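Source file: protein.tsv. Holds: TSV, C-alpha atoms.
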chain	number	residue	atom	x	y	z
A	1	MET	CA	0.00	0.00	0.00
A	2	ALA	CA	1.33	3.45	-0.91
A	3	LEU	CA	2.53	5.68	1.88
A	4	ILE	CA	0.37	8.69	2.74
A	5	PRO	CA	2.18	12.00	2.06
A	6	VAL	CA	2.30	14.49	4.93
A	7	THR	CA	2.84	18.25	4.78
A	8	ILE	CA	3.99	20.16	7.86
A	9	LEU	CA	2.54	23.67	7.87
A	10	THR	CA	4.45	26.04	10.10
A	11	GLY	CA	4.85	29.75	10.65
A	12	PHE	CA	4.96	32.19	13.53
A	13	LEU	CA	1.88	33.38	15.42
A	14	GLY	CA	-0.44	35.34	13.15
A	15	SER	CA	1.19	34.29	9.91
A	16	GLY	CA	-2.05	32.97	8.43
A	17	LYS	CA	-1.93	29.21	9.02
A	18	THR	CA	-5.53	29.02	10.24
A	19	THR	CA	-6.77	31.00	7.23
A	20	LEU	CA	-5.02	28.54	4.93
A	21	LEU	CA	-6.37	25.55	6.85
A	22	LYS	CA	-9.90	26.91	6.70
A	23	HIS	CA	-9.50	27.19	2.94
A	24	ILE	CA	-8.43	23.53	2.80
A	25	LEU	CA	-11.25	22.31	5.03
A	26	ILE	CA	-14.10	24.23	3.43
A	27	GLU	CA	-13.31	24.76	-0.26
A	28	GLU	CA	-14.64	22.27	-2.81
A	29	HIS	CA	-11.27	21.17	-4.16
A	30	GLY	CA	-12.07	17.47	-4.49
A	31	LYS	CA	-9.11	16.28	-2.43
A	32	LYS	CA	-9.43	14.07	0.65
A	33	ILE	CA	-7.14	15.70	3.18
A	34	ALA	CA	-6.81	15.06	6.90
A	35	VAL	CA	-5.77	18.24	8.71
A	36	ILE	CA	-4.14	17.75	12.10
A	37	GLU	CA	-4.25	20.78	14.33
A	38	ASN	CA	-1.29	20.16	16.59
A	39	GLU	CA	-1.91	21.96	19.87
A	40	PHE	CA	0.24	19.69	22.08
A	41	GLY	CA	-2.22	19.84	24.96
A	42	GLU	CA	-2.77	23.60	24.81
A	43	GLU	CA	-6.19	25.22	24.66
A	44	ASN	CA	-7.35	24.94	21.08
A	45	ILE	CA	-7.92	28.58	20.11
A	46	ASP	CA	-8.89	27.69	16.55
A	47	ASN	CA	-11.57	25.21	17.52
A	48	ASP	CA	-14.47	27.48	16.61
A	49	ILE	CA	-13.00	28.05	13.16
A	50	LEU	CA	-11.90	24.56	12.23
A	51	VAL	CA	-13.87	22.04	14.28
A	52	GLN	CA	-17.59	22.49	14.76
A	53	ASP	CA	-18.10	19.65	17.23
A	54	ASN	CA	-16.15	20.10	20.47
A	55	GLN	CA	-16.97	16.58	21.62
A	56	GLU	CA	-15.19	14.86	18.75
A	57	ASN	CA	-11.44	14.49	18.25
A	58	ILE	CA	-11.83	13.68	14.54
A	59	VAL	CA	-14.49	15.52	12.53
A	60	GLN	CA	-15.54	14.87	8.94
A	61	MET	CA	-15.98	18.11	6.98
A	62	SER	CA	-18.61	18.71	4.32
A	63	ASN	CA	-16.11	18.62	1.44
A	64	GLY	CA	-14.71	15.21	2.41
A	65	CYS	CA	-11.76	16.55	4.39
A	66	ILE	CA	-11.12	15.58	8.00
A	67	CYS	CA	-10.08	17.78	10.91
A	68	CYS	CA	-8.26	16.15	13.81
A	69	THR	CA	-7.39	18.13	16.94
A	70	ILE	CA	-4.48	16.79	19.00
A	71	ARG	CA	-4.14	17.51	22.66
A	72	GLY	CA	-1.50	14.87	23.16
A	73	ASP	CA	1.03	12.93	21.15
A	74	LEU	CA	1.36	13.32	17.39
A	75	VAL	CA	2.25	9.65	16.94
A	76	ASP	CA	-0.96	8.58	18.66
A	77	ALA	CA	-3.02	10.89	16.47
A	78	LEU	CA	-1.41	9.63	13.25
A	79	ASN	CA	-1.90	6.02	14.32
A	80	GLU	CA	-5.53	6.71	15.26
A	81	LEU	CA	-6.17	8.27	11.85
A	82	TRP	CA	-4.55	5.28	10.16
A	83	GLU	CA	-6.62	2.76	12.12
A	84	GLN	CA	-9.87	4.56	11.30
A	85	ARG	CA	-8.85	4.75	7.65
A	86	LYS	CA	-7.97	1.04	7.62
A	87	ASP	CA	-11.37	0.25	9.17
A	88	LYS	CA	-12.98	2.41	6.45
A	89	LYS	CA	-14.54	4.72	9.04
A	90	ILE	CA	-12.87	7.72	7.41
A	91	SER	CA	-11.19	8.35	4.07
A	92	PHE	CA	-8.20	10.56	3.26
A	93	ASP	CA	-5.31	10.52	0.80
A	94	ARG	CA	-2.91	12.96	2.47
A	95	VAL	CA	-2.29	14.78	5.75
A	96	VAL	CA	-1.51	18.41	6.60
A	97	ILE	CA	-0.16	19.10	10.11
A	98	GLU	CA	-0.38	22.61	11.52
A	99	THR	CA	2.26	23.24	14.19
A	100	THR	CA	1.78	25.80	16.92
A	101	GLY	CA	3.05	29.26	16.05
A	102	VAL	CA	6.02	29.03	18.38
A	103	ALA	CA	6.94	25.45	17.47
A	104	ASN	CA	10.27	24.24	16.16
A	105	PRO	CA	9.36	22.00	13.17
A	106	GLY	CA	12.36	19.71	13.75
A	107	PRO	CA	10.83	17.30	16.29
A	108	VAL	CA	7.58	17.17	14.29
A	109	ALA	CA	9.48	16.20	11.15
A	110	GLN	CA	11.56	13.72	13.12
A	111	THR	CA	8.41	11.75	13.95
A	112	PHE	CA	8.25	10.44	10.38
A	113	PHE	CA	11.70	8.89	10.54
A	114	MET	CA	12.05	7.80	14.15
A	115	ASP	CA	8.73	6.05	14.81
A	116	ASP	CA	8.39	2.73	13.00
A	117	ASP	CA	4.58	2.65	12.93
A	118	VAL	CA	4.38	6.13	11.49
A	119	ALA	CA	7.16	5.44	8.96
A	120	ASP	CA	5.31	2.32	7.80
A	121	HIS	CA	2.21	4.33	6.85
A	122	TYR	CA	3.27	7.93	6.16
A	123	VAL	CA	5.98	9.78	4.26
A	124	LEU	CA	7.00	13.38	4.97
A	125	ASP	CA	6.46	15.38	1.79
A	126	ALA	CA	7.55	18.89	2.77
A	127	VAL	CA	7.73	21.62	5.38
A	128	VAL	CA	5.77	24.69	4.26
A	129	THR	CA	6.46	27.91	6.18
A	130	LEU	CA	4.31	31.04	6.26
A	131	VAL	CA	5.91	34.40	7.07
A	132	ASP	CA	3.83	37.50	7.85
A	133	ALA	CA	4.84	40.36	5.53
A	134	LYS	CA	3.80	42.99	8.07
A	135	HIS	CA	5.42	41.54	11.20
A	136	GLY	CA	7.90	39.02	9.75
A	137	GLN	CA	11.01	41.18	10.06
A	138	GLN	CA	10.37	41.88	13.72
A	139	GLN	CA	9.51	38.25	14.46
A	140	LEU	CA	12.71	37.07	12.79
A	141	ASN	CA	14.67	39.62	14.84
A	142	GLU	CA	13.14	38.63	18.16
A	143	HIS	CA	12.29	34.92	17.96
A	144	GLU	CA	14.66	32.15	17.00
A	145	GLU	CA	11.68	29.83	16.51
A	146	ALA	CA	10.64	32.01	13.55
A	147	GLN	CA	14.13	31.67	12.08
A	148	ARG	CA	14.11	27.90	12.52
A	149	GLN	CA	10.76	27.67	10.76
A	150	VAL	CA	12.37	29.42	7.79
A	151	GLY	CA	15.48	27.25	7.95
A	152	PHE	CA	13.47	24.02	7.79
A	153	ALA	CA	11.22	25.16	4.93
A	154	ASP	CA	10.91	23.46	1.56
A	155	GLN	CA	8.46	26.17	0.46
A	156	ILE	CA	8.00	29.68	1.91
A	157	PHE	CA	4.90	31.84	1.52
A	158	ILE	CA	5.01	35.52	2.44
A	159	THR	CA	1.48	36.26	3.61
A	160	LYS	CA	-0.47	39.52	3.96
A	161	THR	CA	1.45	41.09	1.08
A	162	ASP	CA	-1.50	43.40	0.53
A	163	LEU	CA	-0.78	45.12	3.85
A	164	VAL	CA	2.75	46.33	3.03
A	165	THR	CA	4.61	48.03	0.19
A	166	PRO	CA	6.33	46.08	-2.61
A	167	ALA	CA	9.67	47.35	-1.26
A	168	GLU	CA	8.93	45.82	2.16
A	169	VAL	CA	8.02	42.50	0.53
A	170	ASP	CA	11.27	42.58	-1.47
A	171	ALA	CA	13.33	43.30	1.65
A	172	LEU	CA	11.74	40.39	3.51
A	173	ARG	CA	12.13	38.09	0.51
A	174	ASN	CA	15.82	38.97	0.27
A	175	ARG	CA	16.34	38.19	3.94
A	176	LEU	CA	14.52	34.86	3.69
A	177	MET	CA	16.51	33.98	0.57
A	178	HIS	CA	19.78	34.43	2.44
A	179	MET	CA	18.53	32.30	5.31
A	180	ASN	CA	17.25	29.50	3.06
A	181	PRO	CA	18.18	29.66	-0.66
A	182	ARG	CA	16.82	26.16	-1.34
A	183	ALA	CA	13.16	27.04	-0.65
A	184	PRO	CA	11.10	28.77	-3.36
A	185	ILE	CA	9.41	31.93	-2.02
A	186	SER	CA	5.99	33.21	-3.12
A	187	GLY	CA	3.91	36.14	-1.94
A	188	ILE	CA	0.21	35.62	-1.18
A	189	SER	CA	-2.67	37.64	0.26
A	190	LYS	CA	-5.96	36.69	1.94
A	191	GLY	CA	-4.50	33.26	2.76
A	192	VAL	CA	-5.53	31.69	-0.56
A	193	VAL	CA	-2.87	29.32	-1.88
A	194	PRO	CA	-3.30	26.82	-4.73
A	195	LEU	CA	-3.18	23.38	-3.13
A	196	ASN	CA	-0.67	22.17	-5.71
A	197	ALA	CA	1.73	24.78	-4.31
A	198	VAL	CA	1.39	23.21	-0.85
A	199	LEU	CA	1.00	19.49	-1.58
A	200	ASP	CA	3.22	16.96	-3.37
A	201	LEU	CA	6.34	19.16	-3.25
A	202	LYS	CA	8.64	16.19	-2.50
A	203	GLY	CA	10.89	18.38	-0.39
A	204	PHE	CA	12.12	15.35	1.57
A	205	ASN	CA	12.51	13.23	-1.54
A	206	LEU	CA	15.94	12.97	-3.10
A	207	ASN	CA	14.27	12.74	-6.48
A	208	ALA	CA	13.13	16.34	-6.17
A	209	LYS	CA	15.28	18.88	-7.93
A	210	LEU	CA	17.76	20.86	-5.87
A	211	ASP	CA	16.56	24.45	-5.98
A	212	ILE	CA	19.11	27.09	-5.07
A	213	ASP	CA	18.03	30.63	-5.85
A	214	PRO	CA	20.44	32.13	-8.40
A	215	HIS	CA	19.98	35.68	-7.13
A	216	PHE	CA	21.11	34.62	-3.68
A	217	LEU	CA	24.48	33.77	-5.16
A	218	GLU	CA	24.80	36.94	-7.17
A	219	GLN	CA	24.78	39.01	-4.00
A	220	ASP	CA	27.66	37.25	-2.27
A	221	ASP	CA	31.24	37.31	-3.43
A	222	HIS	CA	32.53	33.91	-2.32
A	223	ASP	CA	34.54	31.45	-4.38
A	224	HIS	CA	32.37	28.41	-3.86
A	225	GLU	CA	28.91	29.91	-3.96
A	226	HIS	CA	26.97	29.22	-7.09
A	227	CYS	CA	23.54	28.38	-8.36
A	228	GLY	CA	22.53	24.93	-9.51
A	229	HIS	CA	19.51	22.92	-10.47
A	230	ASP	CA	19.40	19.19	-10.41
A	231	HIS	CA	16.95	16.99	-12.25
A	232	SER	CA	17.72	13.67	-10.66
A	233	HIS	CA	15.74	10.48	-10.51
A	234	ASP	CA	15.69	6.95	-9.19
A	235	HIS	CA	15.63	6.45	-5.43
A	236	ASP	CA	13.85	8.09	-2.53
A	237	HIS	CA	15.54	8.39	0.83
A	238	SER	CA	15.84	10.99	3.56
A	239	THR	CA	16.20	11.51	7.27
A	240	CYS	CA	15.38	13.95	10.01
A	241	GLY	CA	16.06	14.78	13.66
A	242	HIS	CA	16.09	17.12	16.64
A	243	ASP	CA	17.20	20.71	16.92
A	244	HIS	CA	19.20	22.60	19.52
A	245	SER	CA	20.68	26.07	19.48
A	246	HIS	CA	23.91	27.83	20.39
A	247	ASP	CA	24.97	31.45	20.55
A	248	HIS	CA	26.72	33.66	18.02
A	249	HIS	CA	25.68	36.22	15.46
A	250	HIS	CA	26.23	36.85	11.78
A	251	GLY	CA	24.24	39.22	9.66
A	252	HIS	CA	23.02	40.05	6.20
A	253	ALA	CA	21.92	43.59	5.45
A	254	GLY	CA	22.18	44.62	9.08
A	255	HIS	CA	20.27	41.63	10.45
A	256	THR	CA	21.65	39.25	13.03
A	257	ASP	CA	20.07	36.05	11.82
A	258	ARG	CA	21.49	33.00	13.51
A	259	ILE	CA	20.01	30.84	10.77
A	260	GLN	CA	22.36	31.22	7.81
A	261	SER	CA	23.06	29.32	4.62
A	262	PHE	CA	25.95	28.79	2.26
A	263	VAL	CA	26.57	26.92	-0.95
A	264	PHE	CA	29.53	24.80	-2.06
A	265	ARG	CA	30.25	24.15	-5.72
A	266	SER	CA	33.08	22.39	-7.48
A	267	ASP	CA	33.79	21.01	-10.95
A	268	LYS	CA	36.32	18.60	-9.44
A	269	PRO	CA	35.16	15.18	-8.21
A	270	PHE	CA	35.06	14.18	-4.56
A	271	ASP	CA	37.16	11.38	-3.15
A	272	HIS	CA	34.37	9.22	-1.72
A	273	LYS	CA	36.26	8.02	1.36
A	274	LYS	CA	37.55	11.50	2.26
A	275	LEU	CA	34.09	12.99	1.91
A	276	GLU	CA	32.47	10.24	3.95
A	277	ASP	CA	34.97	10.72	6.78
A	278	PHE	CA	34.61	14.52	6.70
A	279	LEU	CA	30.80	14.52	6.67
A	280	GLY	CA	30.76	12.00	9.50
A	281	GLY	CA	33.03	14.25	11.52
A	282	ILE	CA	31.09	17.48	10.97
A	283	LEU	CA	27.79	15.78	11.74
A	284	GLU	CA	29.23	14.58	15.03
A	285	VAL	CA	30.49	18.04	15.95
A	286	PHE	CA	27.98	20.39	14.33
A	287	GLY	CA	24.98	18.12	13.65
A	288	GLU	CA	22.69	19.79	16.15
A	289	LYS	CA	23.31	23.13	14.42
A	290	MET	CA	22.67	21.80	10.90
A	291	LEU	CA	18.98	22.28	10.15
A	292	ARG	CA	18.86	21.18	6.52
A	293	TYR	CA	21.48	20.25	3.96
A	294	LYS	CA	21.13	18.79	0.50
A	295	GLY	CA	23.29	18.28	-2.53
A	296	VAL	CA	24.13	16.66	-5.83
A	297	LEU	CA	27.63	15.21	-5.72
A	298	TYR	CA	30.18	14.51	-8.44
A	299	VAL	CA	32.13	11.54	-7.08
A	300	LYS	CA	35.28	10.12	-8.65
A	301	GLY	CA	34.73	6.75	-10.31
A	302	SER	CA	30.94	7.05	-10.51
A	303	ALA	CA	29.12	7.69	-13.78
A	304	ARG	CA	25.97	8.58	-11.83
A	305	LYS	CA	25.05	11.49	-9.63
A	306	VAL	CA	25.03	10.97	-5.90
A	307	VAL	CA	22.26	12.86	-4.13
A	308	PHE	CA	22.14	13.41	-0.40
A	309	GLN	CA	20.20	15.34	2.20
A	310	GLY	CA	19.78	15.44	5.91
A	311	VAL	CA	18.52	17.16	9.00
A	312	HIS	CA	20.81	17.48	11.99
A	313	GLN	CA	22.89	14.31	12.56
A	314	MET	CA	20.75	12.16	10.30
A	315	MET	CA	21.73	11.94	6.64
A	316	GLY	CA	20.56	9.90	3.66
A	317	SER	CA	22.18	9.41	0.27
A	318	ASP	CA	21.47	7.53	-2.92
A	319	LEU	CA	22.56	7.09	-6.51
A	320	ALA	CA	20.56	9.08	-9.04
A	321	GLY	CA	20.62	9.18	-12.81
A	322	PRO	CA	23.70	9.27	-15.05
A	323	TRP	CA	25.43	12.57	-15.74
A	324	GLY	CA	24.83	12.25	-19.46
A	325	THR	CA	25.99	15.26	-21.45
A	326	GLU	CA	25.57	17.88	-18.70
A	327	PRO	CA	28.71	19.18	-16.93
A	328	LYS	CA	29.71	17.11	-13.91
A	329	GLN	CA	29.52	19.39	-10.93
A	330	THR	CA	28.95	19.20	-7.18
A	331	ARG	CA	26.32	21.52	-5.73
A	332	MET	CA	25.63	21.50	-1.99
A	333	VAL	CA	23.61	23.84	0.22
A	334	PHE	CA	23.84	23.97	4.02
A	335	ILE	CA	21.37	25.76	6.31
A	336	GLY	CA	22.10	25.95	10.00
A	337	ILE	CA	22.57	27.82	13.24
A	338	ASP	CA	25.91	29.66	13.47
A	339	LEU	CA	27.71	27.16	11.26
A	340	PRO	CA	31.48	27.74	10.77
A	341	LYS	CA	31.14	28.42	7.07
A	342	ASP	CA	34.84	28.92	6.24
A	343	THR	CA	35.82	25.74	8.10
A	344	LEU	CA	33.21	23.66	6.31
A	345	LEU	CA	34.02	25.08	2.87
A	346	ALA	CA	37.73	24.44	3.42
A	347	GLY	CA	37.01	20.93	4.63
A	348	LEU	CA	34.89	20.14	1.58
A	349	GLU	CA	37.63	21.53	-0.66
A	350	GLY	CA	40.03	19.14	1.03
A	351	CYS	CA	37.85	16.17	0.11
A	352	LEU	CA	38.23	16.71	-3.62
A	353	ALA	CA	40.20	14.11	-5.54

Take the structure I supplied and represent it as C-alpha cells, if you would.
Amino acid sequence: MALIPVTILTGFLGSGKTTLLKHILIEEHGKKIAVIENEFGEENIDNDILVQDNQENIVQMSNGCICCTIRGDLVDALNELWEQRKDKKISFDRVVIETTGVANPGPVAQTFFMDDDVADHYVLDAVVTLVDAKHGQQQLNEHEEAQRQVGFADQIFITKTDLVTPAEVDALRNRLMHMNPRAPISGISKGVVPLNAVLDLKGFNLNAKLDIDPHFLEQDDHDHEHCGHDHSHDHDHSTCGHDHSHDHHHGHAGHTDRIQSFVFRSDKPFDHKKLEDFLGGILEVFGEKMLRYKGVLYVKGSARKVVFQGVHQMMGSDLAGPWGTEPKQTRMVFIGIDLPKDTLLAGLEGCLA
C-alpha cells in the first residue's frame, strides 16, 4: 500500500496558518485531506473556526476533508487516523499538520523517521512555512523559533502582502533567501494558496530537484557559492532529527540572523572516502546546528550522480541518474545555526580528488 504523504505547515503566530487551513477544510477542491491541528495539549484557540463539534477528536468536513485536533502525542493521532482509515470509518489521501506558532518544526518532522509505525504508513512530503509580511522582520529579529521555521522550509509563503509596500516585501524576501536559498518563495494575500503549491512538493525526496536561488548567489562574493539545479531520478531516501541552538551572530543587510546558509560548488570530483569521513566528523560536531542540507555530488569513479540530504545528525544518500551530457559538478547547500562556514568550505575543498 502506498505511503500517505504528509505536509507540515508552520509559521509564527499570526502568519495565516488558520486561514489557509480553513481554505483547505471548506473549499470544494475534491481532495481528501486530513488536517491535524497540533496543539500539544494547549487550549485549542482555533476550535471554533476549524472544528464544529467540540466533543469529537476527529471531525468529517462537508467537502470530504477531515479535521483532527491533537491535545496529546502526534504519533498517537497519526496512528488513530490510520486505524480509522484502515477500518474504512474515514477516508483521506494525504495529511496536513499545523504546528503551533512558536513550534520548532524539527521534532515534528523527526516523527516520520524515528517512529516505525508512522514510517510504515506515512511519508514526509515537505515543510511549508508562512511568514507574515507585516510583522515578519520583527519576528525574525526577536524569535529564533521564527528563524528555525524558515530554515526548515521546503516552500516559503510571504502572507499579507497586501498590507505592506512592494519594497517591504522585497526586503523580507531577500532576507529569507539568504537564510534559506533552497526554498522557493511566493507572496500571497488573503491566505488563498493553490493546493498544488502546498501538496506533493517532495521536499524530503531525493528525487526532487535541488533548488538554489540564483539571485542569492549573485549578491555574495565567495569562491564556492553558485547556483545549480538538479533533475535527478531513481531512489527516494531521507532523514530527520532534533534541533538545539547555540549562541553567536552573523548578519546580512544589518540583520543578526542565527540561521544562515551557504553553498559549495566544485567542478572537481570528490574522493568518496575522504568525503564520507569529513561529513561523518562534521555531523558529530555540528549536527545539532545543521537544520537542513542537500546536494548533488560529483564523485570520482561514478558515472551517476550521488544525491544526499539530511537534517541534523541524520543523513541519507542515494545514486541518481547518469550525468549524461551535462557538466559534472557538485552543488551543496547547508542551512544551520551559526555554522562555521569557512571551516566547512575548506574541509569540503580538502575532500576533492

Name the closest residue to A:Phe112 among the candidates A:Ala167, A:Phe92, A:Gln313, A:Val6; distances are taken between atoms, counting all atoms listed in the file.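 Of A:Ala167, A:Phe92, A:Gln313, A:Val6, the one nearest A:Phe112 is A:Val6, counting all atoms listed in the file.
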
Scan for residues within 8 Å of the point (25.6, 8.7, -12.3) in the coordinates of the file, using all atoms listed in the file, and reply as a PyMOL selection string. chain A and resi 302-306+319-323

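Interatomic distance, atom CA of A:Ile335 against atom CA of A:Arg292: 5.2 Å.
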
Given all atoms listed in the file as the basis, pick out the residue of A:Ala197, A:Ile158, A:Ala153, A:Val102 nearest to A:Ala126.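 The answer is A:Ala153, which sits nearest to A:Ala126.
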
Tell me, as a ChimeraX atom specification, which residues lie within 8 Å of A:Gly336, counting only C-alpha atoms; anything in the same chain fewer than 5 positions away does not count. /A:151,258-261,289-292

Any chance you could work out the axis-aligned box around stretch 119-135 of chain A, listed atoms only, 3 Å on each side, giving centre and edge lengths in Å to one decimal, as lines of an AutoDock Vina configuration file?
center_x = 5.0
center_y = 22.7
center_z = 6.5
size_x = 11.5
size_y = 46.7
size_z = 15.4

Would you compute the distance between atom CA of A:Leu13 and atom CA of A:Leu199? Give it in Å to one decimal.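 According to the coordinates, atom CA of A:Leu13 and atom CA of A:Leu199 are separated by 22.0 Å.
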
Just to confirm, what's the straight-line distance from atom CA of A:Gly106 to atom CA of A:Ile8 in Å (one decimal)? 10.2 Å

Given the choices A:Cys67, A:Leu21, A:Leu9, A:Leu339, which gets closest to A:Ile156 if the distance is worked out from all atoms listed in the file?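 Looking at the shortest contact to A:Ile156, the residue is A:Leu9.
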
Spatial neighbours of A:Gly14, 9 Å, all atoms listed in the file, chain gap at least 6 places, as a PyMOL selection string: chain A and resi 101+131-132+135

List the neighbours of stretch 122-125 of chain A out to 9 Å using only C-alpha atoms; skip same-chain residues closer than 3 positions along the sequence, and give me the result as a ChimeraX atom specification. /A:2-8,78,94-95,109,112-113,117-119,199-205

Need to verify the contact set: A:Leu195, 10 Å, only C-alpha atoms, exclusion of same-chain residues closer than 6 positions in sequence. Can you return it as a PyMOL selection string? chain A and resi 20+23-24+29+31

Any chance you can output those residues with C-alpha atoms as an mmCIF file, in the frame of the given file?
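The new file out.cif reads:
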data_model
loop_
_atom_site.group_PDB
_atom_site.id
_atom_site.type_symbol
_atom_site.label_atom_id
_atom_site.label_comp_id
_atom_site.auth_asym_id
_atom_site.auth_seq_id
_atom_site.Cartn_x
_atom_site.Cartn_y
_atom_site.Cartn_z
ATOM 1 C CA LEU A 20 -5.020 28.540 4.930
ATOM 2 C CA HIS A 23 -9.500 27.190 2.940
ATOM 3 C CA ILE A 24 -8.430 23.530 2.800
ATOM 4 C CA HIS A 29 -11.270 21.170 -4.160
ATOM 5 C CA LYS A 31 -9.110 16.280 -2.430
#

Using all atoms listed in the file for the distances, tell me which of A:Asn141, A:Gln147, A:Asn63, A:Thr343 is nearest to A:Asn180.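 Smallest separation from A:Asn180 among the options: A:Gln147.
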
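Checking A:Met61, A:Ser91, A:Met314, A:Asp115 one by one against A:Asn79, counting only C-alpha atoms, you find the shortest gap at A:Asp115.
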